[in-house]
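The next block is work31.pdb, given as PDB, C-alpha atoms, pLDDT in the B column.
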```
MODEL        1
ATOM      1  CA  MET A   1       4.945   5.113  15.283  1.00 80.00           C
ATOM      2  CA  ASP A   2       8.470   3.840  15.859  1.00 85.00           C
ATOM      3  CA  LEU A   3      10.436   2.541  12.858  1.00 90.00           C
ATOM      4  CA  ASP A   4      12.787   0.430  14.998  1.00 89.00           C
ATOM      5  CA  GLN A   5       9.779  -1.220  16.645  1.00 90.00           C
ATOM      6  CA  LEU A   6       8.346  -1.925  13.178  1.00 92.00           C
ATOM      7  CA  ARG A   7      11.651  -3.446  12.003  1.00 92.00           C
ATOM      8  CA  THR A   8      11.623  -5.778  15.000  1.00 91.00           C
ATOM      9  CA  ALA A   9       7.954  -6.694  14.513  1.00 91.00           C
ATOM     10  CA  LEU A  10       8.460  -7.560  10.829  1.00 93.00           C
ATOM     11  CA  ASP A  11      11.690  -9.504  11.345  1.00 91.00           C
ATOM     12  CA  GLY A  12      10.881 -13.170  10.802  1.00 83.00           C
ATOM     13  CA  ARG A  13       7.121 -12.527  10.854  1.00 87.00           C
ATOM     14  CA  PRO A  14       5.253 -15.273   8.972  1.00 84.00           C
ATOM     15  CA  GLN A  15       3.298 -14.021   5.977  1.00 82.00           C
ATOM     16  CA  SER A  16      -0.241 -15.204   5.330  1.00 84.00           C
ATOM     17  CA  THR A  17      -2.821 -14.482   2.633  1.00 78.00           C
ATOM     18  CA  TRP A  18      -6.146 -12.744   3.161  1.00 68.00           C
ATOM     19  CA  GLY A  19      -8.431 -10.333   1.383  1.00 69.00           C
ATOM     20  CA  ASP A  20     -11.777  -9.826  -0.254  1.00 60.00           C
ATOM     21  CA  SER A  21     -12.050 -13.437  -1.434  1.00 63.00           C
ATOM     22  CA  PRO A  22     -10.208 -16.735  -0.921  1.00 65.00           C
ATOM     23  CA  PRO A  23      -7.303 -17.560  -3.272  1.00 67.00           C
ATOM     24  CA  THR A  24      -8.119 -19.626  -6.348  1.00 73.00           C
ATOM     25  CA  GLY A  25      -4.600 -20.006  -7.724  1.00 74.00           C
ATOM     26  CA  HIS A  26      -5.514 -17.922 -10.787  1.00 75.00           C
ATOM     27  CA  GLU A  27      -4.725 -14.485  -9.359  1.00 79.00           C
ATOM     28  CA  HIS A  28      -2.316 -12.094 -11.089  1.00 86.00           C
ATOM     29  CA  ARG A  29       0.831 -11.522  -9.051  1.00 90.00           C
ATOM     30  CA  SER A  30       1.443  -7.908  -8.069  1.00 93.00           C
ATOM     31  CA  ALA A  31       3.718  -6.132  -5.623  1.00 95.00           C
ATOM     32  CA  VAL A  32       3.679  -2.763  -3.886  1.00 96.00           C
ATOM     33  CA  LEU A  33       6.205  -0.850  -1.828  1.00 97.00           C
ATOM     34  CA  ALA A  34       5.013   0.815   1.377  1.00 97.00           C
ATOM     35  CA  LEU A  35       7.647   3.530   1.774  1.00 97.00           C
ATOM     36  CA  LEU A  36       8.035   5.066   5.225  1.00 97.00           C
ATOM     37  CA  TYR A  37      10.323   7.917   6.248  1.00 96.00           C
ATOM     38  CA  PRO A  38      11.155   9.833   9.441  1.00 95.00           C
ATOM     39  CA  ASP A  39       9.495  13.260   9.430  1.00 92.00           C
ATOM     40  CA  ASP A  40      10.301  15.419  12.468  1.00 88.00           C
ATOM     41  CA  ASP A  41       8.656  13.622  15.411  1.00 89.00           C
ATOM     42  CA  ASP A  42       6.463  11.510  13.136  1.00 93.00           C
ATOM     43  CA  VAL A  43       6.731   8.942  10.360  1.00 95.00           C
ATOM     44  CA  GLY A  44       5.434   9.626   6.884  1.00 96.00           C
ATOM     45  CA  VAL A  45       4.215   7.254   4.199  1.00 97.00           C
ATOM     46  CA  VAL A  46       4.385   7.730   0.427  1.00 97.00           C
ATOM     47  CA  LEU A  47       1.121   7.100  -1.425  1.00 96.00           C
ATOM     48  CA  ILE A  48      -0.002   7.858  -4.965  1.00 94.00           C
ATOM     49  CA  ARG A  49      -3.295   8.854  -6.545  1.00 88.00           C
ATOM     50  CA  ARG A  50      -3.589   6.739  -9.668  1.00 78.00           C
ATOM     51  CA  ALA A  51      -4.340   8.495 -12.960  1.00 69.00           C
ATOM     52  CA  GLN A  52      -8.001   8.954 -13.849  1.00 59.00           C
ATOM     53  CA  HIS A  53      -7.665   7.422 -17.343  1.00 50.00           C
ATOM     54  CA  LEU A  54      -6.423   3.988 -16.151  1.00 45.00           C
ATOM     55  CA  ARG A  55      -8.595   0.938 -16.891  1.00 53.00           C
ATOM     56  CA  SER A  56      -8.485  -0.469 -13.365  1.00 52.00           C
ATOM     57  CA  HIS A  57      -8.308   1.233  -9.969  1.00 50.00           C
ATOM     58  CA  SER A  58      -8.418   4.643 -11.641  1.00 44.00           C
ATOM     59  CA  TRP A  59      -8.186   7.633  -9.315  1.00 49.00           C
ATOM     60  CA  GLU A  60      -7.658   5.422  -6.274  1.00 82.00           C
ATOM     61  CA  VAL A  61      -5.049   6.172  -3.635  1.00 90.00           C
ATOM     62  CA  ALA A  62      -2.484   3.371  -3.468  1.00 90.00           C
ATOM     63  CA  PHE A  63       1.054   2.380  -2.653  1.00 95.00           C
ATOM     64  CA  PRO A  64       3.442   2.538  -5.626  1.00 95.00           C
ATOM     65  CA  GLY A  65       3.435  -0.837  -7.365  1.00 93.00           C
ATOM     66  CA  GLY A  66       1.798  -3.018  -9.947  1.00 91.00           C
ATOM     67  CA  ARG A  67       1.670  -6.289 -11.813  1.00 92.00           C
ATOM     68  CA  GLN A  68       4.672  -8.588 -12.113  1.00 93.00           C
ATOM     69  CA  GLU A  69       6.250  -8.656 -15.572  1.00 94.00           C
ATOM     70  CA  PRO A  70       8.239 -11.499 -17.150  1.00 93.00           C
ATOM     71  CA  GLY A  71      11.543  -9.591 -16.850  1.00 94.00           C
ATOM     72  CA  ASP A  72      11.204  -9.099 -13.087  1.00 95.00           C
ATOM     73  CA  ALA A  73      13.587 -11.289 -11.082  1.00 95.00           C
ATOM     74  CA  ASP A  74      11.066 -11.627  -8.228  1.00 95.00           C
ATOM     75  CA  LEU A  75       8.208  -9.754  -6.591  1.00 94.00           C
ATOM     76  CA  LEU A  76      10.528  -7.372  -4.740  1.00 96.00           C
ATOM     77  CA  ASP A  77      12.008  -6.486  -8.121  1.00 96.00           C
ATOM     78  CA  THR A  78       8.443  -5.830  -9.343  1.00 96.00           C
ATOM     79  CA  ALA A  79       7.760  -3.449  -6.441  1.00 96.00           C
ATOM     80  CA  LYS A  80      11.059  -1.627  -7.009  1.00 96.00           C
ATOM     81  CA  ARG A  81      10.585  -1.337 -10.782  1.00 96.00           C
ATOM     82  CA  GLU A  82       7.048  -0.023 -10.409  1.00 95.00           C
ATOM     83  CA  THR A  83       8.141   2.495  -7.754  1.00 96.00           C
ATOM     84  CA  ARG A  84      10.871   3.805 -10.028  1.00 96.00           C
ATOM     85  CA  GLU A  85       8.451   4.046 -12.979  1.00 95.00           C
ATOM     86  CA  GLU A  86       5.568   5.630 -11.066  1.00 94.00           C
ATOM     87  CA  ILE A  87       7.281   8.205  -8.846  1.00 96.00           C
ATOM     88  CA  GLY A  88      10.882   8.448 -10.085  1.00 95.00           C
ATOM     89  CA  LEU A  89      12.394   7.190  -6.826  1.00 94.00           C
ATOM     90  CA  ASP A  90      15.458   4.977  -6.848  1.00 91.00           C
ATOM     91  CA  PRO A  91      14.052   2.237  -4.588  1.00 83.00           C
ATOM     92  CA  ASP A  92      17.553   1.037  -3.725  1.00 87.00           C
ATOM     93  CA  CYS A  93      17.804   4.055  -1.389  1.00 92.00           C
ATOM     94  CA  ALA A  94      15.111   2.363   0.756  1.00 94.00           C
ATOM     95  CA  GLU A  95      15.986  -0.279   3.317  1.00 95.00           C
ATOM     96  CA  ILE A  96      13.543  -3.164   2.828  1.00 96.00           C
ATOM     97  CA  ILE A  97      12.578  -4.242   6.350  1.00 96.00           C
ATOM     98  CA  GLY A  98      10.011  -6.917   5.581  1.00 95.00           C
ATOM     99  CA  GLN A  99       6.586  -7.720   4.239  1.00 95.00           C
ATOM    100  CA  ILE A 100       3.048  -7.662   5.510  1.00 95.00           C
ATOM    101  CA  ASP A 101       0.421 -10.227   4.496  1.00 93.00           C
ATOM    102  CA  ARG A 102      -0.428 -10.878   0.860  1.00 90.00           C
ATOM    103  CA  TYR A 103      -3.819  -9.436  -0.069  1.00 88.00           C
ATOM    104  CA  ILE A 104      -6.227 -10.730  -2.721  1.00 85.00           C
ATOM    105  CA  THR A 105      -8.311  -8.098  -4.483  1.00 82.00           C
ATOM    106  CA  VAL A 106     -11.780  -8.678  -5.909  1.00 72.00           C
ATOM    107  CA  GLY A 107     -11.806  -6.269  -8.854  1.00 69.00           C
ATOM    108  CA  SER A 108      -8.486  -7.091 -10.517  1.00 70.00           C
ATOM    109  CA  ARG A 109      -8.121 -10.625  -9.054  1.00 77.00           C
ATOM    110  CA  SER A 110      -4.579  -9.841  -7.979  1.00 84.00           C
ATOM    111  CA  MET A 111      -2.553 -11.308  -5.158  1.00 88.00           C
ATOM    112  CA  VAL A 112      -0.682  -8.244  -3.923  1.00 92.00           C
ATOM    113  CA  HIS A 113       2.648  -8.760  -2.149  1.00 93.00           C
ATOM    114  CA  PRO A 114       3.318  -5.669   0.034  1.00 96.00           C
ATOM    115  CA  PHE A 115       6.951  -4.917   0.867  1.00 96.00           C
ATOM    116  CA  VAL A 116       7.863  -2.348   3.532  1.00 97.00           C
ATOM    117  CA  GLY A 117      10.769   0.018   2.946  1.00 96.00           C
ATOM    118  CA  VAL A 118      12.283   2.772   5.065  1.00 96.00           C
ATOM    119  CA  LEU A 119      13.863   5.861   3.522  1.00 96.00           C
ATOM    120  CA  PRO A 120      16.529   7.812   5.456  1.00 95.00           C
ATOM    121  CA  SER A 121      14.500  11.046   5.209  1.00 95.00           C
ATOM    122  CA  ARG A 122      11.474  12.609   3.524  1.00 95.00           C
ATOM    123  CA  PRO A 123      11.990  12.014  -0.210  1.00 94.00           C
ATOM    124  CA  ALA A 124      12.470  15.049  -2.425  1.00 92.00           C
ATOM    125  CA  GLY A 125      12.326  15.485  -6.175  1.00 92.00           C
ATOM    126  CA  LEU A 126       9.735  12.777  -6.821  1.00 94.00           C
ATOM    127  CA  ILE A 127       8.138  13.017 -10.249  1.00 94.00           C
ATOM    128  CA  PRO A 128       4.776  11.329 -10.937  1.00 93.00           C
ATOM    129  CA  ASP A 129       4.588   9.465 -14.250  1.00 90.00           C
ATOM    130  CA  PRO A 130       1.510  11.060 -15.880  1.00 87.00           C
ATOM    131  CA  ALA A 131       0.721   7.783 -17.662  1.00 87.00           C
ATOM    132  CA  GLU A 132       0.035   6.158 -14.286  1.00 85.00           C
ATOM    133  CA  VAL A 133       0.049   8.674 -11.445  1.00 90.00           C
ATOM    134  CA  GLU A 134      -1.931  11.861 -11.005  1.00 87.00           C
ATOM    135  CA  ARG A 135      -0.368  12.897  -7.700  1.00 90.00           C
ATOM    136  CA  ILE A 136       2.146  11.831  -5.056  1.00 93.00           C
ATOM    137  CA  LEU A 137       0.923  12.081  -1.467  1.00 94.00           C
ATOM    138  CA  MET A 138       3.130  12.405   1.611  1.00 95.00           C
ATOM    139  CA  VAL A 139       0.908  11.405   4.523  1.00 94.00           C
ATOM    140  CA  SER A 140       1.802  11.496   8.202  1.00 94.00           C
ATOM    141  CA  THR A 141       1.050   8.419  10.253  1.00 94.00           C
ATOM    142  CA  ALA A 142      -0.277  10.786  12.932  1.00 92.00           C
ATOM    143  CA  GLU A 143      -3.033  11.753  10.488  1.00 93.00           C
ATOM    144  CA  LEU A 144      -3.704   8.101   9.638  1.00 93.00           C
ATOM    145  CA  LEU A 145      -3.857   7.138  13.318  1.00 93.00           C
ATOM    146  CA  SER A 146      -6.225   9.949  14.284  1.00 91.00           C
ATOM    147  CA  ASP A 147      -9.700   8.899  15.402  1.00 89.00           C
ATOM    148  CA  GLU A 148     -11.275  11.011  12.657  1.00 91.00           C
ATOM    149  CA  ALA A 149      -9.362   9.351   9.803  1.00 92.00           C
ATOM    150  CA  TRP A 150     -10.271   5.684  10.141  1.00 89.00           C
ATOM    151  CA  ARG A 151     -13.656   4.074   9.565  1.00 91.00           C
ATOM    152  CA  GLU A 152     -15.019   0.732   8.482  1.00 91.00           C
ATOM    153  CA  GLU A 153     -18.134  -0.283   6.547  1.00 91.00           C
ATOM    154  CA  ILE A 154     -19.612  -3.742   5.961  1.00 91.00           C
ATOM    155  CA  TRP A 155     -20.160  -4.521   2.276  1.00 86.00           C
ATOM    156  CA  PRO A 156     -21.670  -7.678   0.729  1.00 87.00           C
ATOM    157  CA  ILE A 157     -18.928  -9.215  -1.443  1.00 77.00           C
ATOM    158  CA  SER A 158     -19.202 -12.618  -3.114  1.00 75.00           C
ATOM    159  CA  GLY A 159     -22.182 -13.514  -0.932  1.00 81.00           C
ATOM    160  CA  ASN A 160     -20.429 -12.617   2.342  1.00 81.00           C
ATOM    161  CA  ASP A 161     -20.389  -9.495   4.476  1.00 86.00           C
ATOM    162  CA  ARG A 162     -16.853  -8.062   4.446  1.00 83.00           C
ATOM    163  CA  PRO A 163     -15.382  -5.156   6.403  1.00 85.00           C
ATOM    164  CA  ILE A 164     -14.070  -2.403   4.105  1.00 86.00           C
ATOM    165  CA  THR A 165     -11.532  -0.032   5.616  1.00 89.00           C
ATOM    166  CA  PHE A 166     -11.384   3.696   4.843  1.00 92.00           C
ATOM    167  CA  PHE A 167      -8.897   6.399   5.806  1.00 93.00           C
ATOM    168  CA  GLU A 168     -10.302   9.909   5.273  1.00 93.00           C
ATOM    169  CA  LEU A 169      -7.355  12.201   4.623  1.00 90.00           C
ATOM    170  CA  HIS A 170      -7.254  15.915   3.909  1.00 84.00           C
ATOM    171  CA  GLY A 171      -8.655  15.937   0.372  1.00 83.00           C
ATOM    172  CA  ASP A 172      -8.398  12.187  -0.300  1.00 89.00           C
ATOM    173  CA  THR A 173      -9.848   8.841   0.715  1.00 90.00           C
ATOM    174  CA  VAL A 174      -7.837   5.634   0.961  1.00 91.00           C
ATOM    175  CA  TRP A 175     -10.034   2.548   0.793  1.00 88.00           C
ATOM    176  CA  GLY A 176     -10.150  -1.066  -0.335  1.00 86.00           C
ATOM    177  CA  ALA A 177      -7.000  -3.168  -0.552  1.00 89.00           C
ATOM    178  CA  THR A 178      -4.617  -0.263   0.086  1.00 92.00           C
ATOM    179  CA  ALA A 179      -6.520   0.805   3.210  1.00 94.00           C
ATOM    180  CA  ALA A 180      -6.628  -2.795   4.448  1.00 92.00           C
ATOM    181  CA  MET A 181      -2.862  -3.188   3.955  1.00 93.00           C
ATOM    182  CA  LEU A 182      -2.215   0.216   5.516  1.00 95.00           C
ATOM    183  CA  ARG A 183      -4.369  -0.722   8.504  1.00 94.00           C
ATOM    184  CA  GLN A 184      -2.391  -3.941   8.982  1.00 94.00           C
ATOM    185  CA  LEU A 185       0.921  -2.080   8.698  1.00 95.00           C
ATOM    186  CA  LEU A 186      -0.171   0.505  11.271  1.00 94.00           C
ATOM    187  CA  SER A 187      -1.478  -2.236  13.582  1.00 93.00           C
ATOM    188  CA  ILE A 188       1.852  -4.065  13.456  1.00 93.00           C
ATOM    189  CA  ALA A 189       3.806  -0.817  13.904  1.00 92.00           C
ATOM    190  CA  THR A 190       1.805   0.320  16.920  1.00 89.00           C
ATOM    191  CA  ALA A 191       1.164  -3.190  18.340  1.00 82.00           C
ATOM    192  CA  ARG A 192      -2.605  -2.658  18.439  1.00 62.00           C
TER
ENDMDL
END
```
Whole structure, structure tokens version:
Amino acid sequence: MDLDQLRTALDGRPQSTWGDSPPTGHEHRSAVLALLYPDDDDVGVVLIRRAQHLRSHSWEVAFPGGRQEPGDADLLDTAKRETREEIGLDPDCAEIIGQIDRYITVGSRSMVHPFVGVLPSRPAGLIPDPAEVERILMVSTAELLSDEAWREEIWPISGNDRPITFFELHGDTVWGATAAMLRQLLSIATAR
């Protein structure tokens, strides 16, 4: 994966909306930050395992982020605030290089706005907020792009058969909306 190639691919790219169901106009607005960083000859991505006691999406692997709050200036501000709260990272040290498509989730009825940020190096000193995050994961894109990691299943959702993406990592599974967004990001980054 080449970060310069990704920057170019995201520059001026039109953003559409897709997901597990069509938009109704009543979705909650949420934002996440897909943080990438150079890691030797690879690129890493920062993910979190959500805390087990949360009411929604508990124990799922996700990008840092969450629901927009009234004090947020915009959705990018939401993604940055949530990143700071969840993993203790100053998101202003990331260069925001664009967005991938908005994704509508079934369970929480959220329209998720994914922003893509690049850090200058592998982040150090991250601290998970125990109220929201059980663990911070640093995952190589080489692992994500391996043939053994990715799979897809067809699930009946809202009366339609929908493909559900999974990434099987060492000790964790990424699935659902996060896996779908991750798959799109990797597809754009590798032009496949």
Next on the checklist: Show me, as a PyMOL selection string, the residues that have an atom within 9 Å of Asp39 (chain A) when counting all atoms listed in the file, minus same-chain residues fewer than 3 positions from it.
Outcome noted: chain A and resi 42-44+121-122+140
Item to check | Separation of CA of Ala124 (chain A) from CA of Ala31 (chain A) in Å | outcome: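 Taking CA of Ala31 (chain A) and CA of Ala124 (chain A), their separation equals 23.1 Å.
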Checklist entry - Hey, can you check how far CA of Asn160 (chain A) sits from CA of Arg183 (chain A)? => result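 Result for CA of Asn160 (chain A) versus CA of Arg183 (chain A): 20.9 Å, one decimal.
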Next on the checklist: Can you pull out the residues contacting Val45 (chain A)? Cut-off 10 Å, using all atoms listed in the file, and skip same-chain residues under 4 positions away; I want them as a PyMOL selection string.
Outcome noted: chain A and resi 34-39+63+117-119+122+137-141+144+182
For the residues selected in the previous step, produce a file with C-alpha atoms as a compact mmCIF listing (two decimals), in the frame of the given file.
```txt
# COMPACT_ATOMS: atom_id res chain seq x y z
CA ALA A 34 5.01 0.82 1.38
CA LEU A 35 7.65 3.53 1.77
CA LEU A 36 8.04 5.07 5.22
CA TYR A 37 10.32 7.92 6.25
CA PRO A 38 11.16 9.83 9.44
CA ASP A 39 9.49 13.26 9.43
CA PHE A 63 1.05 2.38 -2.65
CA GLY A 117 10.77 0.02 2.95
CA VAL A 118 12.28 2.77 5.07
CA LEU A 119 13.86 5.86 3.52
CA ARG A 122 11.47 12.61 3.52
CA LEU A 137 0.92 12.08 -1.47
CA MET A 138 3.13 12.40 1.61
CA VAL A 139 0.91 11.40 4.52
CA SER A 140 1.80 11.50 8.20
CA THR A 141 1.05 8.42 10.25
CA LEU A 144 -3.70 8.10 9.64
CA LEU A 182 -2.22 0.22 5.52
```
Item to check | Closest of A:Asp74, A:Asp92, A:Glu86, A:Asp41 to Ala62 (chain A) - atom-to-atom distances counting all atoms listed in the file | outcome: A:Glu86
Item to check | Interatomic distance, CA of Ile104 (chain A) to CA of Trp150 (chain A) (Å, one decimal) | outcome: 21.2 Å
Checklist entry - When the PyMOL selection byres ((chain A and resi 83) around 12) is applied to the file above, which residues end up in the set, as a PyMOL selection string? => result chain A and resi 31-35+46-48+62-67+76-82+84-94+115+117+126-129+132-133+136
Checklist entry - Written as a ChimeraX atom specification, what is the full residue list that the PyMOL selection byres ((chain A and resi 181) around 8) yields on the file shown? => result /A:100-101,103,114,177-180,182-185
Can you list what the PyMOL selection byres ((chain A and resi 170) around 10) grabs from this structure, as an mmCIF file with C-alpha atoms, in the coordinates of the input?
```cif
data_model
loop_
_atom_site.group_PDB
_atom_site.id
_atom_site.type_symbol
_atom_site.label_atom_id
_atom_site.label_comp_id
_atom_site.auth_asym_id
_atom_site.auth_seq_id
_atom_site.Cartn_x
_atom_site.Cartn_y
_atom_site.Cartn_z
ATOM 1 C CA VAL A 139 0.908 11.405 4.523
ATOM 2 C CA GLU A 143 -3.033 11.753 10.488
ATOM 3 C CA ALA A 149 -9.362 9.351 9.803
ATOM 4 C CA PHE A 167 -8.897 6.399 5.806
ATOM 5 C CA GLU A 168 -10.302 9.909 5.273
ATOM 6 C CA LEU A 169 -7.355 12.201 4.623
ATOM 7 C CA GLY A 171 -8.655 15.937 0.372
ATOM 8 C CA ASP A 172 -8.398 12.187 -0.300
ATOM 9 C CA THR A 173 -9.848 8.841 0.715
#
```
Checklist entry - Using all atoms listed in the file, what residues lie at most 8 Å away from (-2.6, -15.3, 6.7) (file coordinates), given as a PyMOL selection string? => result chain A and resi 15-18+101-102
Next on the checklist: Just checking: using all atoms listed in the file, which residue out of A:Asp72, A:Glu27, A:Glu134, A:Glu153 ends up closest to Met111 (chain A)?
Outcome noted: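 Looking only at the distances to Met111 (chain A), the closest residue turns out to be A:Glu27.
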Kindly output region 148-157 of chain A as an mmCIF file, in the coordinates of the input, after building all heavy atoms.
```cif
data_model
loop_
_atom_site.group_PDB
_atom_site.id
_atom_site.type_symbol
_atom_site.label_atom_id
_atom_site.label_comp_id
_atom_site.auth_asym_id
_atom_site.auth_seq_id
_atom_site.Cartn_x
_atom_site.Cartn_y
_atom_site.Cartn_z
ATOM 1 N N GLU A 148 -10.415 10.505 13.719
ATOM 2 C CA GLU A 148 -11.275 11.011 12.657
ATOM 3 C C GLU A 148 -10.967 10.379 11.298
ATOM 4 O O GLU A 148 -11.810 10.398 10.401
ATOM 5 C CB GLU A 148 -11.125 12.537 12.516
ATOM 6 C CG GLU A 148 -11.466 13.338 13.748
ATOM 7 C CD GLU A 148 -10.333 13.351 14.770
ATOM 8 O OE1 GLU A 148 -9.144 13.415 14.379
ATOM 9 O OE2 GLU A 148 -10.646 13.254 15.968
ATOM 10 N N ALA A 149 -9.779 9.839 11.123
ATOM 11 C CA ALA A 149 -9.362 9.351 9.803
ATOM 12 C C ALA A 149 -9.922 7.970 9.466
ATOM 13 O O ALA A 149 -10.330 7.729 8.337
ATOM 14 C CB ALA A 149 -7.842 9.318 9.712
ATOM 15 N N TRP A 150 -9.942 7.080 10.424
ATOM 16 C CA TRP A 150 -10.271 5.684 10.141
ATOM 17 C C TRP A 150 -11.750 5.388 10.329
ATOM 18 O O TRP A 150 -12.381 5.864 11.261
ATOM 19 C CB TRP A 150 -9.465 4.769 11.065
ATOM 20 C CG TRP A 150 -9.749 3.323 10.852
ATOM 21 C CD1 TRP A 150 -9.176 2.522 9.918
ATOM 22 C CD2 TRP A 150 -10.673 2.497 11.575
ATOM 23 N NE1 TRP A 150 -9.688 1.255 10.009
ATOM 24 C CE2 TRP A 150 -10.620 1.216 11.022
ATOM 25 C CE3 TRP A 150 -11.554 2.734 12.623
ATOM 26 C CZ2 TRP A 150 -11.388 0.170 11.483
ATOM 27 C CZ3 TRP A 150 -12.324 1.678 13.084
ATOM 28 C CH2 TRP A 150 -12.235 0.415 12.527
ATOM 29 N N ARG A 151 -12.308 4.607 9.401
ATOM 30 C CA ARG A 151 -13.656 4.074 9.565
ATOM 31 C C ARG A 151 -13.748 2.758 8.809
ATOM 32 O O ARG A 151 -12.908 2.441 7.968
ATOM 33 C CB ARG A 151 -14.727 5.050 9.111
ATOM 34 C CG ARG A 151 -14.796 5.297 7.631
ATOM 35 C CD ARG A 151 -15.863 6.338 7.285
ATOM 36 N NE ARG A 151 -15.709 6.819 5.940
ATOM 37 C CZ ARG A 151 -16.265 6.264 4.868
ATOM 38 N NH1 ARG A 151 -17.042 5.200 5.005
ATOM 39 N NH2 ARG A 151 -16.071 6.767 3.666
ATOM 40 N N GLU A 152 -14.802 2.030 9.118
ATOM 41 C CA GLU A 152 -15.019 0.732 8.482
ATOM 42 C C GLU A 152 -16.494 0.592 8.133
ATOM 43 O O GLU A 152 -17.357 1.014 8.896
ATOM 44 C CB GLU A 152 -14.588 -0.375 9.451
ATOM 45 C CG GLU A 152 -14.540 -1.752 8.872
ATOM 46 C CD GLU A 152 -13.957 -2.735 9.863
ATOM 47 O OE1 GLU A 152 -14.695 -3.177 10.757
ATOM 48 O OE2 GLU A 152 -12.758 -3.041 9.755
ATOM 49 N N GLU A 153 -16.767 0.009 6.970
ATOM 50 C CA GLU A 153 -18.134 -0.283 6.547
ATOM 51 C C GLU A 153 -18.217 -1.775 6.216
ATOM 52 O O GLU A 153 -17.214 -2.384 5.843
ATOM 53 C CB GLU A 153 -18.504 0.529 5.290
ATOM 54 C CG GLU A 153 -18.550 2.020 5.520
ATOM 55 C CD GLU A 153 -18.903 2.793 4.246
ATOM 56 O OE1 GLU A 153 -19.200 2.162 3.202
ATOM 57 O OE2 GLU A 153 -18.870 4.037 4.308
ATOM 58 N N ILE A 154 -19.395 -2.343 6.327
ATOM 59 C CA ILE A 154 -19.612 -3.742 5.961
ATOM 60 C C ILE A 154 -20.293 -3.761 4.597
ATOM 61 O O ILE A 154 -21.359 -3.171 4.423
ATOM 62 C CB ILE A 154 -20.483 -4.476 7.017
ATOM 63 C CG1 ILE A 154 -19.846 -4.370 8.404
ATOM 64 C CG2 ILE A 154 -20.705 -5.924 6.613
ATOM 65 C CD1 ILE A 154 -18.475 -5.006 8.527
ATOM 66 N N TRP A 155 -19.641 -4.423 3.635
ATOM 67 C CA TRP A 155 -20.160 -4.521 2.276
ATOM 68 C C TRP A 155 -20.400 -5.986 1.939
ATOM 69 O O TRP A 155 -19.581 -6.853 2.292
ATOM 70 C CB TRP A 155 -19.165 -3.972 1.270
ATOM 71 C CG TRP A 155 -18.990 -2.481 1.260
ATOM 72 C CD1 TRP A 155 -19.434 -1.578 2.172
ATOM 73 C CD2 TRP A 155 -18.288 -1.735 0.273
ATOM 74 N NE1 TRP A 155 -19.057 -0.312 1.826
ATOM 75 C CE2 TRP A 155 -18.351 -0.378 0.654
ATOM 76 C CE3 TRP A 155 -17.612 -2.076 -0.883
ATOM 77 C CZ2 TRP A 155 -17.770 0.632 -0.100
ATOM 78 C CZ3 TRP A 155 -17.033 -1.075 -1.631
ATOM 79 C CH2 TRP A 155 -17.113 0.265 -1.245
ATOM 80 N N PRO A 156 -21.477 -6.298 1.206
ATOM 81 C CA PRO A 156 -21.670 -7.678 0.729
ATOM 82 C C PRO A 156 -20.772 -7.933 -0.484
ATOM 83 O O PRO A 156 -20.886 -7.250 -1.503
ATOM 84 C CB PRO A 156 -23.151 -7.725 0.356
ATOM 85 C CG PRO A 156 -23.517 -6.308 0.059
ATOM 86 C CD PRO A 156 -22.605 -5.440 0.883
ATOM 87 N N ILE A 157 -19.853 -8.873 -0.357
ATOM 88 C CA ILE A 157 -18.928 -9.215 -1.443
ATOM 89 C C ILE A 157 -18.933 -10.727 -1.604
ATOM 90 O O ILE A 157 -18.683 -11.459 -0.637
ATOM 91 C CB ILE A 157 -17.495 -8.716 -1.153
ATOM 92 C CG1 ILE A 157 -17.480 -7.181 -1.043
ATOM 93 C CG2 ILE A 157 -16.516 -9.193 -2.227
ATOM 94 C CD1 ILE A 157 -16.156 -6.602 -0.616
#
```
